[in-house]
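Visitor: This is the structure I have questions about; it appears just below.
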Amino acid sequence: MPRPSVICICNHSLRLRSAGPTTPSERRTLDSVLLRLNNVRKNFGGVAALRDASLEVNAGEIHLLMGENGAGKSTLMKIVAGMLARDAGEFLWRGNPVDFRSPADAARHGIAMVHQESLLAPHLTVAENIFLGREPGHRFGLIQRRRMLAEAARIIAEHRFPLHADTRVEILSPAARQLVEICRAIHQGSSLLIFDEPTASLAHAETEEVFRIVRGLRERNMGVIYITHRLEELRAVGDRVTVLRDGQTVHSGPLRDISVNHLIRRMVGREISAKWKRDSLPPGQELLRVEKLTRAPALRDISFSLRAGEIVGLAGLVGAGRTELCRALFGVDAIQHGEIRIAGKIVRIRSPREAVRAGLALIPEDRQRTGLVTALPLAHNLTLPALASVSRLGFLNKTAETRAAGESIARFHIHAASSAQQTSRLSGGNQQKIAVAKWLLAGSRIFLFDEPTRGIDVAAKQEVFQTMDQLARSGAAILMVSSELNELLEVADRILVMRQGRIAGELPGRTTPDAILRLAAFETSVASTGDVAG
Amino acid sequence: MIQRLLPFFTLVALFLILSIASPSFLTATNLASVARQTAVINIMALGMTVVIVSGGIDLSVGSILALAGLLGAMSMQTHAVAVGLVAGILAGTACGLANGLMITTLRVSPFIVTLGTMGIYRGLALIISKGLPVQGIPDSFSYLAEGNLFGVPFVLWILAISAVATHVILQHTRLGRYAFSIGSNSEAAFYAGVPVRFHTTAVYALAGLLTGLAGMIEASRLMTGQPTSGQGYELTAIAAVVIGGGSLRGGEGSVLGTLVGAFIMGLLANGSDLLGVNPYWQQVVIGAVIIIAVALDEWRKRRLGP
């Protein structure tokens, strides 16, 4: 189908139906607007999360919701799902004004949300979770277990989900848990389903499965709102897209009418090139050498080195042992064999504290859980690893602390009201900067970045890469774990590929995604050495 | 901000109401007696504040109070008063240290460990004393609980010094900062290189120290070492922290809040005594106050958004 190149749709509200229906799905759904939000506003304690958000979703369409972190996507979806009340604006559901007072209220009207972090009861079975809160009951209040199992099995079979109704949810993968949530929504008779970054924690094959399921929901004439940061997912699933920026709807329209670059510009409000290749530096002194590090069964015979000024990528499939390697190097998990040398000296690292003292820094994948104490003011997070440097005899020097925090905020361009602002109130990109900046005060020189761009938007990603580049230029050595091959190709000087707990091979920075994937999935390291040209 | 000050306003309101309702409330004698009655709970609650900020709980403080007071009193039978005082405080510290070490090395939750030591310390106190109060404390020891300095009850000075010290620890030392970070997110604190186990242990030792001090005041008040004293005090101390804005999920709590919380409960007890309210009703009222205070606090946090 010929695709019009770039059409600027400057109409900020969503009157796009006049453009004329073209695809079958649009024709079918022309008169079935499920949800319409107009000029919605929401403040949190004086801060506007949403200023002028509008959104229109039809039955039988997959509607992408995009925007930078902090643009208001989650807030808007919480309003739709009845978890938050709006301060102002219109909320029409099937043409009628509504005010949902709770998620249960929204669910009764047919709106359900599949959460990024699963909200299932882990000790209950799949069937029990599907029916949670609306179990088929006897007259005497007992649950009809057999009927529940049969009904759950029917829903699962109908959608060809790879699930068993009587499995306990705790043993399921993140992807399978999402399927359970989808089953629950289907069972509740939902007609609008909200997916909040469903693929953020999924491997590639699982992602495809999510796409198949989402398309299946569209075929059943359900409406789907799909929040994502992954630009490459756009064309795979979406029909229409709405872009939020600073709590305002800045664009809405069919996806085929807009290019990726144009979307990015809409999201960030300025031009950003999606492609960028870092200029390598001549590598300096060897800062980290790992010899035959083993922690069975996750890690076996890992050997590699990092030099000052280098960014080394670490690729591999989910479960290859990349996060485990970072944890072992950082002293979170004990190693069984092998040695670690830092600047030539053998060190023993038995705890993160010892790792920090040795000059290592870990920026973990899960910022909220392990990267930051988000309930603390951001200054306290910045100084946490190096509190001794701003205190004497155990007493804090608050002046020195505030000064150190202020320097970090300026150096890393952290956008915050003040250094006393609670960390959880910052956007994902700014939180990530704090998770990096705090190590500079601790004097770290070897940085382990585990999936540093997960859950942050395009503009913030570029800033993360620039931060890494600056660190390398100031003499740090960087190991960067990433599942996004494009990122590795943009940033890394060399790429190590892990497979099943081993280093399967090493590739130069200018390699191809194919070469990485082949190493990660199939070939032995011996066969791969000549394969760099890809 | 206004909602955050709600416990404080409640305390002021309670004070005003009692001043009007009962002529004997606003007298030096009565106020001094309120101060003496609440000082023991107050000092225990200071330690509990640090524990709760760090995400823990200490159910054993009532038993530590008894054991420390008992051991202190026994030392005074043969040694100087000062020696007994130090012995009691050290005994309390040792008990708290043992709590902390068990929590961090056995990796058992603080609730379970201190539930266990609540029984152990109480049992030890009863075994050592054979269940009988320890007599023969020098008369001069009564000054601790009953004496006055510059016209103010001596315990009030001790409370003030303890409160300032605890506040400084929480807000101006590494221990305090680490306690907040461990209580908010112990995993992230561990990943940031915070020596989590050392400081967790230190927090319980500090709570033990303050409880030991409170135990000596209690012994001075009773002029005996009572193996059965302090029963139920742990829950009153927890209630004071919670009314003052501390969260059992950790990461929240302040010295000022705890003091306000403890005085609210002290005034409620004193006020109902003065007004001749059935003492059984006191328990109902205090229970309701705990729930209302926490409900209001949760409501305030929800309104501020995610």
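Letters A, B, ... mark the chains of the structure tokens in the order given; residue numbers begin at 1 per chain; ligand numbers begin at 1, in order shown.
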Please determine the contact residues of chain B with respect to chain A at a cut-off of 9 Å, counting only C-alpha atoms, and supply them as a list in words.
Guide: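 On the chain B side, the interface is Val168, Ile169, Gln171, His172, Thr173, Arg174, Leu175, Arg177, Tyr178, Phe180, Ser181, Ile182, Ser184, Asn185, Ser186, Glu187, Ala188, Ala189, Phe190, Tyr191, Ala192, Gly193, Val194, Pro195, Gly251, Arg303, Leu304, Gly305 and Pro306 of chain B.
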Visitor: Taking the DSSP secondary structure from the backbone, can you list the residues of region 9-254 of chain B that are strand (DSSP E), as JSON, numbers by chain?
Guide: {"B": [148, 149, 152, 153]}
Visitor: Got a sec to tell me which of region 112-144 of chain B DSSP assigns to alpha helix (DSSP H), as a list of chain:residue names?
Guide: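 DSSP-assigned alpha helix (DSSP H) residues in region 112-144 of chain B: B:Ile112, B:Val113, B:Thr114, B:Leu115, B:Gly116, B:Thr117, B:Met118, B:Gly119, B:Ile120, B:Tyr121, B:Arg122, B:Gly123, B:Leu124, B:Ala125, B:Leu126, B:Ile127, B:Ile128, B:Ser129, B:Tyr143, B:Leu144.
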Visitor: Please, could you write that set of residues out with C-alpha atoms as a CSV table (one decimal), in the first residue's frame?
Guide:
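And here's again-v7.csv as it stands now:
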```
chain,number,residue,atom,x,y,z
B,112,ILE,CA,9.5,-12.8,64.8
B,113,VAL,CA,12.9,-12.3,66.4
B,114,THR,CA,11.6,-9.7,68.9
B,115,LEU,CA,8.4,-11.7,69.5
B,116,GLY,CA,10.8,-14.4,70.6
B,117,THR,CA,13.0,-12.2,72.7
B,118,MET,CA,10.0,-10.6,74.2
B,119,GLY,CA,9.4,-13.9,75.9
B,120,ILE,CA,13.1,-14.7,76.5
B,121,TYR,CA,14.0,-11.4,78.2
B,122,ARG,CA,10.8,-11.5,80.3
B,123,GLY,CA,11.6,-15.1,81.2
B,124,LEU,CA,15.2,-14.2,82.1
B,125,ALA,CA,14.0,-11.4,84.4
B,126,LEU,CA,11.6,-13.8,86.2
B,127,ILE,CA,14.3,-16.5,86.5
B,128,ILE,CA,16.9,-14.1,87.8
B,129,SER,CA,14.6,-12.5,90.3
B,143,TYR,CA,15.9,11.4,92.4
B,144,LEU,CA,16.0,10.1,88.8
```
Visitor: Ala520 (chain A): which residues within 8 Å, counting only C-alpha atoms, same-chain residues fewer than 5 positions away excluded, as a PyMOL selection string?
Guide: chain A and resi 315-317+497-499+504
Visitor: In Å, how far is it from CA of Val242 (chain B) to CA of Val260 (chain B)?
Guide: 10.5 Å
Visitor: Counting only C-alpha atoms, which residue out of B:Ala73, B:Leu106, B:Ala87, B:Leu65 sits closest to Gln231 (chain B)?
Guide: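 With only C-alpha atoms as the atom set, the closest residue is B:Leu65.
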Visitor: Suppose you want the space between CA of Gly247 (chain A) and CA of Gln422 (chain A); what is it in Å?
Guide: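 We find that CA of Gly247 (chain A) and CA of Gln422 (chain A) lie 20.1 Å from each other.
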Visitor: Give me the residues within 7 Å of Val250 (chain A) as a PyMOL selection string, counting only C-alpha atoms and dropping any in the same chain fewer than 3 places off.
Guide: chain A and resi 12+243-245+266
Visitor: With distances taken over only C-alpha atoms, which residue among A:Arg108, A:Arg494, A:Arg147, A:Arg295 lies nearest Met480 (chain A)?
Guide: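 Checking each of A:Arg108, A:Arg494, A:Arg147, A:Arg295 against Met480 (chain A), counting only C-alpha atoms, the winner is A:Arg494.
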Visitor: Can you tell me, as number ranges by chain, what residues are no more than 7 Å from Thr211 (chain B) when counting only C-alpha atoms, ignoring any on the same chain fewer than 6 positions away?
Guide: B: 43-44, 61, 64-65, 92
